[in-house]
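Undergrad: Here you go, this is protein-v1.txt (compact mmCIF, C-alpha atoms).
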```
# COMPACT_ATOMS: atom_id res chain seq x y z
CA MET A 1 83.94 86.85 120.37
CA VAL A 2 85.97 87.47 117.26
CA LEU A 3 87.59 90.55 115.76
CA THR A 4 88.83 90.49 112.17
CA HIS A 5 91.20 92.91 110.51
CA THR A 6 91.89 92.82 106.75
CA THR A 7 94.43 94.76 104.66
CA ASN A 8 95.68 94.67 101.08
CA HIS A 9 99.07 95.73 99.85
CA THR A 10 101.10 95.58 96.63
CA TYR A 11 104.88 95.09 96.70
CA SER A 12 106.79 96.50 93.73
CA HIS A 13 108.84 93.32 93.43
CA PRO A 14 108.26 90.12 91.41
CA PHE A 15 106.37 87.27 93.06
CA PRO A 16 109.34 84.81 93.36
CA THR A 17 111.44 87.46 95.14
CA VAL A 18 108.62 88.25 97.57
CA THR A 19 108.26 84.57 98.52
CA LEU A 20 112.02 84.38 99.11
CA ALA A 21 111.83 87.51 101.27
CA PHE A 22 109.10 85.85 103.32
CA PHE A 23 111.53 83.05 104.27
CA LEU A 24 114.33 85.58 104.82
CA ARG A 25 112.41 88.19 106.79
CA TYR A 26 113.81 87.18 110.17
CA CYS A 27 117.23 86.21 108.84
CA SER A 28 119.22 88.80 110.76
CA PRO A 29 118.38 91.89 112.83
CA GLN A 30 121.23 93.65 110.99
CA LEU A 31 119.48 93.10 107.66
CA ASN A 32 115.99 93.70 109.03
CA PRO A 33 115.94 95.96 112.11
CA PHE A 34 112.18 95.36 112.34
CA SER A 35 112.89 91.78 113.39
CA GLN A 36 114.70 92.68 116.63
CA HIS A 37 111.85 91.11 118.62
CA VAL A 38 112.36 87.72 116.97
CA MET A 39 114.53 85.67 119.30
CA SER A 40 114.62 82.43 117.33
CA THR A 41 113.38 80.79 114.15
CA ASP A 42 113.37 77.05 113.49
CA THR A 43 112.14 74.88 110.63
CA LEU A 44 109.97 71.99 111.77
CA SER A 45 109.28 70.52 108.34
CA SER A 46 109.68 71.34 104.68
CA HIS A 47 108.71 69.21 101.71
CA VAL A 48 107.66 69.41 98.09
CA ASP A 49 104.37 67.66 97.33
CA LEU A 50 105.01 65.00 94.68
CA VAL A 51 101.69 65.55 92.94
CA THR A 52 101.17 69.32 93.10
CA GLY A 53 104.82 70.43 93.27
CA ARG A 54 103.86 72.76 96.13
CA LEU A 55 106.38 73.51 98.85
CA HIS A 56 104.96 73.04 102.36
CA THR A 57 106.96 74.55 105.20
CA THR A 58 106.34 74.73 108.94
CA ARG A 59 108.43 76.97 111.16
CA ILE A 60 108.35 78.02 114.79
CA HIS A 61 109.39 81.49 115.91
CA LEU A 62 109.96 82.80 119.42
CA LYS A 63 108.94 86.44 119.61
CA LYS A 64 109.25 88.93 122.44
CA SER A 65 106.14 90.46 124.01
CA ARG A 66 103.55 89.16 121.61
CA MET A 67 101.04 89.53 124.41
CA PRO A 68 100.52 93.24 125.13
CA PRO A 69 101.51 94.13 128.73
CA ALA A 70 98.08 95.74 129.22
CA ILE A 71 96.51 92.33 128.74
CA MET A 72 98.94 90.60 131.04
CA LYS A 73 98.02 93.09 133.75
CA MET A 74 94.31 92.32 133.37
CA LEU A 75 94.78 88.62 134.00
CA PRO A 76 94.87 86.93 137.36
CA THR A 77 98.15 85.25 138.27
CA SER A 78 96.33 81.91 138.30
CA ILE A 79 96.30 82.21 134.51
CA THR A 80 99.58 83.94 133.76
CA GLY A 81 101.40 81.91 136.38
CA GLY A 82 102.82 85.24 137.51
CA ALA A 83 104.75 85.22 134.26
CA THR A 84 104.46 88.94 133.62
CA THR A 85 108.17 89.29 133.09
CA GLU A 86 108.41 86.40 130.65
CA LYS A 87 106.84 88.21 127.73
CA ALA A 88 107.69 85.84 124.91
CA SER A 89 105.47 83.74 122.76
CA TYR A 90 105.93 80.83 120.36
CA ILE A 91 104.43 81.39 116.91
CA LEU A 92 103.68 78.52 114.55
CA GLU A 93 104.00 79.49 110.89
CA THR A 94 102.81 77.30 108.04
CA SER A 95 103.25 78.21 104.39
CA VAL A 96 102.47 76.72 101.00
CA VAL A 97 104.10 77.96 97.80
CA ASP A 98 102.78 77.04 94.36
CA MET A 99 105.13 78.39 91.69
CA LYS A 100 103.12 76.95 88.80
CA GLU A 101 99.88 78.63 89.80
CA GLY A 102 101.69 81.65 91.22
CA TRP A 103 100.48 81.93 94.81
CA MET A 104 101.77 81.55 98.34
CA SER A 105 99.55 81.19 101.37
CA THR A 106 100.82 81.60 104.90
CA GLU A 107 99.38 81.29 108.36
CA SER A 108 100.82 82.29 111.73
CA ARG A 109 99.30 81.56 115.13
CA ASN A 110 100.42 81.89 118.70
CA LEU A 111 101.05 78.64 120.57
CA ASN A 112 101.08 79.80 124.16
CA PHE A 113 98.42 81.96 125.79
CA ALA A 114 96.04 80.67 123.08
CA GLY A 115 93.36 80.12 125.71
CA VAL A 116 93.44 83.80 126.62
CA LEU A 117 93.94 85.22 123.15
CA SER A 118 94.46 83.51 119.84
CA VAL A 119 95.81 85.61 117.00
CA VAL A 120 95.77 83.96 113.57
CA GLU A 121 97.30 85.87 110.69
CA LYS A 122 96.68 84.60 107.17
CA GLN A 123 98.32 86.01 104.09
CA ILE A 124 97.88 85.21 100.45
CA TYR A 125 100.49 86.43 97.98
CA THR A 126 99.50 86.46 94.31
CA ILE A 127 100.68 87.78 90.95
CA PRO A 128 98.29 90.61 90.04
CA LYS A 129 96.04 89.85 87.09
CA ASN A 130 95.27 92.27 84.25
CA THR A 131 98.18 94.62 84.85
CA ASN A 132 100.93 95.74 82.48
CA ASP A 133 103.77 95.56 84.97
CA ASN A 134 105.50 92.52 83.39
CA GLY A 135 105.24 90.51 86.59
CA ASN A 136 107.12 93.09 88.64
CA THR A 137 104.53 93.46 91.39
CA THR A 138 102.98 91.15 93.96
CA ASP A 139 99.68 91.53 95.78
CA VAL A 140 99.25 90.45 99.37
CA ALA A 141 96.00 90.19 101.28
CA THR A 142 96.36 89.91 105.05
CA THR A 143 93.63 88.82 107.44
CA VAL A 144 94.17 88.76 111.17
CA VAL A 145 91.60 87.11 113.37
CA PHE A 146 91.62 87.83 117.10
CA ARG A 147 89.73 85.50 119.30
CA SER A 148 89.63 85.57 123.03
CA ARG A 149 88.32 82.35 124.49
CA PHE A 150 88.84 83.62 127.96
CA GLY A 151 86.50 81.63 130.20
CA GLU A 152 85.23 79.43 127.36
CA ARG A 153 88.00 76.97 126.94
CA ILE A 154 86.97 74.43 129.51
CA ARG A 155 83.38 74.37 128.29
CA ASP A 156 84.46 73.91 124.67
CA LYS A 157 86.69 71.01 125.50
CA LEU A 158 84.23 69.08 127.62
CA GLY A 159 81.14 69.73 125.56
CA HIS A 160 77.61 70.42 126.75
CA LEU A 161 77.42 67.64 129.31
CA HIS A 162 79.87 69.41 131.54
CA THR A 163 78.68 72.94 130.95
CA HIS A 164 77.45 73.26 134.49
CA GLU A 165 80.79 72.38 136.02
CA ALA A 166 82.59 74.72 133.69
CA GLU A 167 80.22 77.54 134.60
CA GLN A 168 81.01 76.99 138.21
CA GLU A 169 84.71 76.95 137.63
CA LYS A 170 84.51 80.12 135.61
CA GLY A 171 82.11 81.79 137.99
CA GLY A 172 84.71 81.51 140.73
CA PHE A 173 86.56 84.41 139.20
CA PHE A 174 84.30 86.22 136.75
CA SER A 175 80.64 86.20 136.10
CA ARG A 176 79.52 85.30 132.56
CA LEU A 177 79.22 89.00 131.74
CA GLY A 178 82.64 89.67 133.19
CA ALA A 179 84.24 87.07 130.99
CA HIS A 180 82.63 88.49 127.88
CA GLY A 181 83.71 92.04 128.72
CA MET A 182 87.18 90.69 129.31
CA GLN A 183 87.22 88.95 125.93
CA ARG A 184 86.21 92.16 124.17
CA SER A 185 88.90 94.19 125.90
CA ILE A 186 91.56 91.61 125.18
CA GLU A 187 90.62 91.45 121.49
CA SER A 188 90.50 95.20 120.93
CA LEU A 189 93.77 95.82 122.77
CA ALA A 190 95.48 93.14 120.71
CA SER A 191 93.97 94.37 117.47
CA LYS A 192 95.27 97.89 118.06
CA LYS A 193 98.75 96.63 118.75
CA THR A 194 98.75 94.31 115.74
CA GLN A 195 97.78 97.07 113.34
CA ASP A 196 100.95 98.94 114.35
CA GLN A 197 102.97 95.79 113.93
CA LEU A 198 101.61 94.96 110.48
CA GLY A 199 103.07 98.22 109.19
CA LYS A 200 106.43 97.37 110.69
CA SER A 201 106.47 93.85 109.32
CA ARG A 202 105.75 95.29 105.85
CA GLU A 203 108.67 97.74 106.28
CA GLY A 204 110.87 94.77 107.18
CA MET A 205 109.82 92.88 104.06
CA LYS A 206 110.63 95.95 101.96
CA LEU A 207 114.15 96.19 103.42
CA ILE A 208 114.83 92.53 102.61
CA LEU A 209 113.37 93.01 99.11
CA GLU A 210 115.65 96.00 98.49
CA ARG A 211 118.67 93.97 99.63
CA LEU A 212 117.69 91.19 97.26
CA ARG A 213 117.31 93.67 94.42
CA GLN A 214 120.73 95.18 95.13
CA SER A 215 122.80 92.12 95.84
CA GLY A 216 120.78 89.00 95.01
CA ILE A 217 120.39 85.96 97.23
CA MET A 218 124.13 85.18 97.34
CA GLY A 219 124.82 88.77 98.40
CA VAL A 220 122.21 88.54 101.17
CA LEU A 221 123.64 85.22 102.37
CA GLU A 222 127.09 86.82 102.49
CA LEU A 223 125.84 89.86 104.44
CA ARG A 224 124.04 87.58 106.85
CA LYS A 225 127.17 85.51 107.40
CA MET A 226 129.24 88.63 108.09
CA ALA A 227 126.66 89.95 110.57
CA ARG A 228 126.62 86.60 112.31
CA GLU A 229 130.41 86.44 112.63
CA ARG A 230 130.50 89.98 114.05
CA ASN A 231 127.94 88.91 116.65
CA MET A 232 129.98 85.87 117.61
CA GLU A 233 133.07 88.04 118.10
CA LYS A 234 131.09 90.30 120.41
CA ALA A 235 129.71 87.39 122.43
CA MET B 1 118.47 83.24 109.98
CA SER B 2 118.19 84.25 113.51
CA GLN B 3 119.20 81.80 116.18
CA SER B 4 117.69 78.41 116.89
CA LEU B 5 115.58 78.18 120.05
CA ALA B 6 118.17 75.67 121.21
CA LYS B 7 121.74 76.99 121.24
CA GLU B 8 123.17 73.52 120.70
CA CYS B 9 121.36 73.29 117.33
CA ASN B 10 122.62 76.64 115.98
CA GLU B 11 125.43 75.24 113.89
CA LEU B 12 123.25 72.56 112.26
CA LYS B 13 120.45 75.05 111.71
CA GLU B 14 122.82 77.51 110.06
CA ARG B 15 124.03 74.90 107.59
CA TYR B 16 120.51 73.78 106.76
CA ASP B 17 119.15 77.33 106.37
CA THR B 18 121.93 78.33 103.98
CA CYS B 19 121.34 75.18 101.95
CA PHE B 20 117.56 75.71 101.90
CA LEU B 21 117.77 79.34 100.76
CA LYS B 22 120.14 78.42 97.92
CA TRP B 23 117.97 75.48 96.87
CA TYR B 24 114.83 77.60 97.05
CA SER B 25 116.14 80.49 94.99
CA GLU B 26 118.22 78.51 92.50
CA LYS B 27 116.03 75.45 92.00
CA TYR B 28 112.53 75.73 93.41
CA LEU B 29 111.84 79.23 92.11
CA ARG B 30 113.07 78.17 88.68
CA GLY B 31 110.69 75.26 88.62
CA THR B 32 113.35 72.54 88.95
CA GLY B 33 113.11 71.91 92.70
CA THR B 34 111.72 68.51 93.63
CA GLU B 35 111.82 66.38 96.77
CA GLN B 36 114.32 64.01 95.07
CA ASN B 37 116.91 66.60 94.07
CA ASN B 38 116.78 68.40 97.40
CA GLU B 39 120.40 68.36 98.49
CA CYS B 40 119.39 69.77 101.90
CA SER B 41 117.54 66.64 103.10
CA GLN B 42 120.53 65.17 104.90
CA LEU B 43 121.33 68.47 106.62
CA PHE B 44 117.70 68.77 107.64
CA LYS B 45 117.71 65.32 109.26
CA GLN B 46 120.70 66.24 111.43
CA TYR B 47 119.25 69.61 112.40
CA SER B 48 115.81 68.16 113.05
CA SER B 49 117.00 65.40 115.36
CA CYS B 50 118.78 68.03 117.45
CA LEU B 51 115.68 70.25 117.47
CA GLN B 52 113.22 67.49 118.40
CA VAL B 53 115.09 66.86 121.65
CA ALA B 54 114.96 70.57 122.51
CA LEU B 55 111.22 70.78 121.72
CA LYS B 56 110.50 67.89 124.07
CA GLU B 57 112.65 69.31 126.85
CA ARG B 58 110.77 72.61 126.68
CA GLY B 59 107.32 71.02 126.38
CA ILE B 60 106.78 72.71 123.02
CA ASP B 61 105.92 69.39 121.36
CA LYS B 62 102.66 69.35 123.33
CA LEU B 63 101.79 72.92 122.28
CA LEU B 64 102.43 71.88 118.68
CA ASP B 65 100.13 68.87 118.89
CA GLU B 66 97.29 71.07 120.17
CA ALA B 67 97.84 73.63 117.42
CA ARG B 68 97.95 70.95 114.72
CA GLU B 69 94.50 69.75 115.75
CA GLU B 70 93.11 73.24 115.21
CA LEU B 71 95.06 73.66 111.99
CA LYS B 72 93.45 70.59 110.44
CA ASP B 73 90.06 72.31 110.56
CA SER B 74 91.20 75.68 109.26
CA ASP B 75 93.34 74.05 106.52
CA SER B 76 90.44 72.25 104.95
CA THR B 77 88.23 75.36 104.85
CA TYR B 78 91.08 77.47 103.50
CA MET B 79 92.16 75.12 100.73
CA SER B 80 88.61 74.66 99.49
CA LYS B 81 88.28 78.44 99.24
CA LYS B 82 91.54 78.62 97.30
CA LYS B 83 90.26 76.44 94.49
CA SER B 84 87.33 78.70 93.63
```
The structure in this file should be written as structure tokens.

TA:
Amino acid sequence: MVLTHTTNHTYSHPFPTVTLAFFLRYCSPQLNPFSQHVMSTDTLSSHVDLVTGRLHTTRIHLKKSRMPPAIMKMLPTSITGGATTEKASYILETSVVDMKEGWMSTESRNLNFAGVLSVVEKQIYTIPKNTNDNGNTTDVATTVVFRSRFGERIRDKLGHLHTHEAEQEKGGFFSRLGAHGMQRSIESLASKKTQDQLGKSREGMKLILERLRQSGIMGVLELRKMARERNMEKA
Amino acid sequence: MSQSLAKECNELKERYDTCFLKWYSEKYLRGTGTEQNNECSQLFKQYSSCLQVALKERGIDKLLDEAREELKDSDSTYMSKKKS
């Protein structure tokens, strides 16, 4: 069971600025109110490839309520661990920037609950070809793939030899048909929610891009520092 | 950036992030950023050693290993598409 959702968008900002905004998009909820649900962001690795000159970066984000509550309610506590109140999910983000060739590719996937629902978002940012905008716009193609492996996971891992056992284990709770119906519901619920969120994440990118246009990177760093200090005073 | 997932790493993360964003916009985007002239490497080492402990404590290192296995497959298909 797989559901795919594809969208295209053009930012009216140059490619280098858009890639910078990608790294900055969760920098501060004061600068991007659409990132209020992002609780933390950490860099796991970042390096420039010696041969290609590409920058490879891996980050991990903790986001609130990535799993729609409607899905949590559908699942037995044996799967959620009764964790209906803990609605946060770790997201692994990998990105590659190639300044010479003028593209950036990104991928985000959820780390927990992946057995119930895996959401993989891929984006490719490119400089539009054959336009007369002097490099002032950037295209982005977004593909989101929803895959519920609800009831399949054990079988996949053990391979065909153990199919029978896995069937039995699964059959304890849902029949084969039940699991498939469940997968479909989970995917379509998640897809609906994600389409709303894609719009918001684009709005967030636009806010950061406007800030960069107005005050440049040093200005944004300054604003971010001020917001952070205000927060520390409050705390 | 927003916070680190581990409070105790916030200060180190903040220093690294600021360094990275400056390096990225002033060097990498201008085509002069290389691994050798990356002045943030030392800051990253400090931040990373703090973070690794936190990832282990929370069991996130195991989640990451699982995801990396899956990523290997999707990476190879994606990069071959890119070349066309």

Undergrad: Please identify all polymer residues within 7 Å of segment 9-23 of chain B, counting all atoms listed in the file, omitting same-chain residues fewer than 5 positions from it, and present them as an MDAnalysis selection string.

TA: chainID B and resid 1 3:4 28 40 43:44 46:47 50:51

Undergrad: What is the distance between atom CA of Ser46 of chain A and atom CA of Glu35 of chain B, in Å to one decimal?

TA: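 Between atom CA of Ser46 of chain A and atom CA of Glu35 of chain B the gap is 9.6 Å.
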
Undergrad: From the options A:Lys206, A:Lys193, A:Arg149, A:Lys200, which residue's atoms come nearest to Ala179 of chain A, counting all atoms listed in the file?

TA: A:Arg149

Undergrad: Please find the residues of chain A near chain B - the criterion being any atom within 10 Å, counting only C-alpha atoms - and write them as a PyMOL selection string.

TA: chain A and resi 15-17+19-20+23-29+35-36+38-50+53-55+60-62+90-92+94+97-100+103+105+107+109-112+114+122+124+216-218+221+224-225+228

Undergrad: Keeping only C-alpha atoms, write the selected residues to a file as a PDB file, in the coordinates of the input.

TA:
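The resulting file, again_27.pdb, is shown below:
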```pdb
ATOM      1  CA  PHE A  15     106.370  87.270  93.060  1.00  0.00           C
ATOM      2  CA  PRO A  16     109.340  84.810  93.360  1.00  0.00           C
ATOM      3  CA  THR A  17     111.440  87.460  95.140  1.00  0.00           C
ATOM      4  CA  THR A  19     108.260  84.570  98.520  1.00  0.00           C
ATOM      5  CA  LEU A  20     112.020  84.380  99.110  1.00  0.00           C
ATOM      6  CA  PHE A  23     111.530  83.050 104.270  1.00  0.00           C
ATOM      7  CA  LEU A  24     114.330  85.580 104.820  1.00  0.00           C
ATOM      8  CA  ARG A  25     112.410  88.190 106.790  1.00  0.00           C
ATOM      9  CA  TYR A  26     113.810  87.180 110.170  1.00  0.00           C
ATOM     10  CA  CYS A  27     117.230  86.210 108.840  1.00  0.00           C
ATOM     11  CA  SER A  28     119.220  88.800 110.760  1.00  0.00           C
ATOM     12  CA  PRO A  29     118.380  91.890 112.830  1.00  0.00           C
ATOM     13  CA  SER A  35     112.890  91.780 113.390  1.00  0.00           C
ATOM     14  CA  GLN A  36     114.700  92.680 116.630  1.00  0.00           C
ATOM     15  CA  VAL A  38     112.360  87.720 116.970  1.00  0.00           C
ATOM     16  CA  MET A  39     114.530  85.670 119.300  1.00  0.00           C
ATOM     17  CA  SER A  40     114.620  82.430 117.330  1.00  0.00           C
ATOM     18  CA  THR A  41     113.380  80.790 114.150  1.00  0.00           C
ATOM     19  CA  ASP A  42     113.370  77.050 113.490  1.00  0.00           C
ATOM     20  CA  THR A  43     112.140  74.880 110.630  1.00  0.00           C
ATOM     21  CA  LEU A  44     109.970  71.990 111.770  1.00  0.00           C
ATOM     22  CA  SER A  45     109.280  70.520 108.340  1.00  0.00           C
ATOM     23  CA  SER A  46     109.680  71.340 104.680  1.00  0.00           C
ATOM     24  CA  HIS A  47     108.710  69.210 101.710  1.00  0.00           C
ATOM     25  CA  VAL A  48     107.660  69.410  98.090  1.00  0.00           C
ATOM     26  CA  ASP A  49     104.370  67.660  97.330  1.00  0.00           C
ATOM     27  CA  LEU A  50     105.010  65.000  94.680  1.00  0.00           C
ATOM     28  CA  GLY A  53     104.820  70.430  93.270  1.00  0.00           C
ATOM     29  CA  ARG A  54     103.860  72.760  96.130  1.00  0.00           C
ATOM     30  CA  LEU A  55     106.380  73.510  98.850  1.00  0.00           C
ATOM     31  CA  ILE A  60     108.350  78.020 114.790  1.00  0.00           C
ATOM     32  CA  HIS A  61     109.390  81.490 115.910  1.00  0.00           C
ATOM     33  CA  LEU A  62     109.960  82.800 119.420  1.00  0.00           C
ATOM     34  CA  TYR A  90     105.930  80.830 120.360  1.00  0.00           C
ATOM     35  CA  ILE A  91     104.430  81.390 116.910  1.00  0.00           C
ATOM     36  CA  LEU A  92     103.680  78.520 114.550  1.00  0.00           C
ATOM     37  CA  THR A  94     102.810  77.300 108.040  1.00  0.00           C
ATOM     38  CA  VAL A  97     104.100  77.960  97.800  1.00  0.00           C
ATOM     39  CA  ASP A  98     102.780  77.040  94.360  1.00  0.00           C
ATOM     40  CA  MET A  99     105.130  78.390  91.690  1.00  0.00           C
ATOM     41  CA  LYS A 100     103.120  76.950  88.800  1.00  0.00           C
ATOM     42  CA  TRP A 103     100.480  81.930  94.810  1.00  0.00           C
ATOM     43  CA  SER A 105      99.550  81.190 101.370  1.00  0.00           C
ATOM     44  CA  GLU A 107      99.380  81.290 108.360  1.00  0.00           C
ATOM     45  CA  ARG A 109      99.300  81.560 115.130  1.00  0.00           C
ATOM     46  CA  ASN A 110     100.420  81.890 118.700  1.00  0.00           C
ATOM     47  CA  LEU A 111     101.050  78.640 120.570  1.00  0.00           C
ATOM     48  CA  ASN A 112     101.080  79.800 124.160  1.00  0.00           C
ATOM     49  CA  ALA A 114      96.040  80.670 123.080  1.00  0.00           C
ATOM     50  CA  LYS A 122      96.680  84.600 107.170  1.00  0.00           C
ATOM     51  CA  ILE A 124      97.880  85.210 100.450  1.00  0.00           C
ATOM     52  CA  GLY A 216     120.780  89.000  95.010  1.00  0.00           C
ATOM     53  CA  ILE A 217     120.390  85.960  97.230  1.00  0.00           C
ATOM     54  CA  MET A 218     124.130  85.180  97.340  1.00  0.00           C
ATOM     55  CA  LEU A 221     123.640  85.220 102.370  1.00  0.00           C
ATOM     56  CA  ARG A 224     124.040  87.580 106.850  1.00  0.00           C
ATOM     57  CA  LYS A 225     127.170  85.510 107.400  1.00  0.00           C
ATOM     58  CA  ARG A 228     126.620  86.600 112.310  1.00  0.00           C
TER      59      ARG A 228
END
```

Undergrad: Do you have the atom CA of Val144 of chain A-atom CA of His180 of chain A distance handy?

TA: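 Computing the Euclidean distance for atom CA of Val144 of chain A and atom CA of His180 of chain A yields 20.3 Å.
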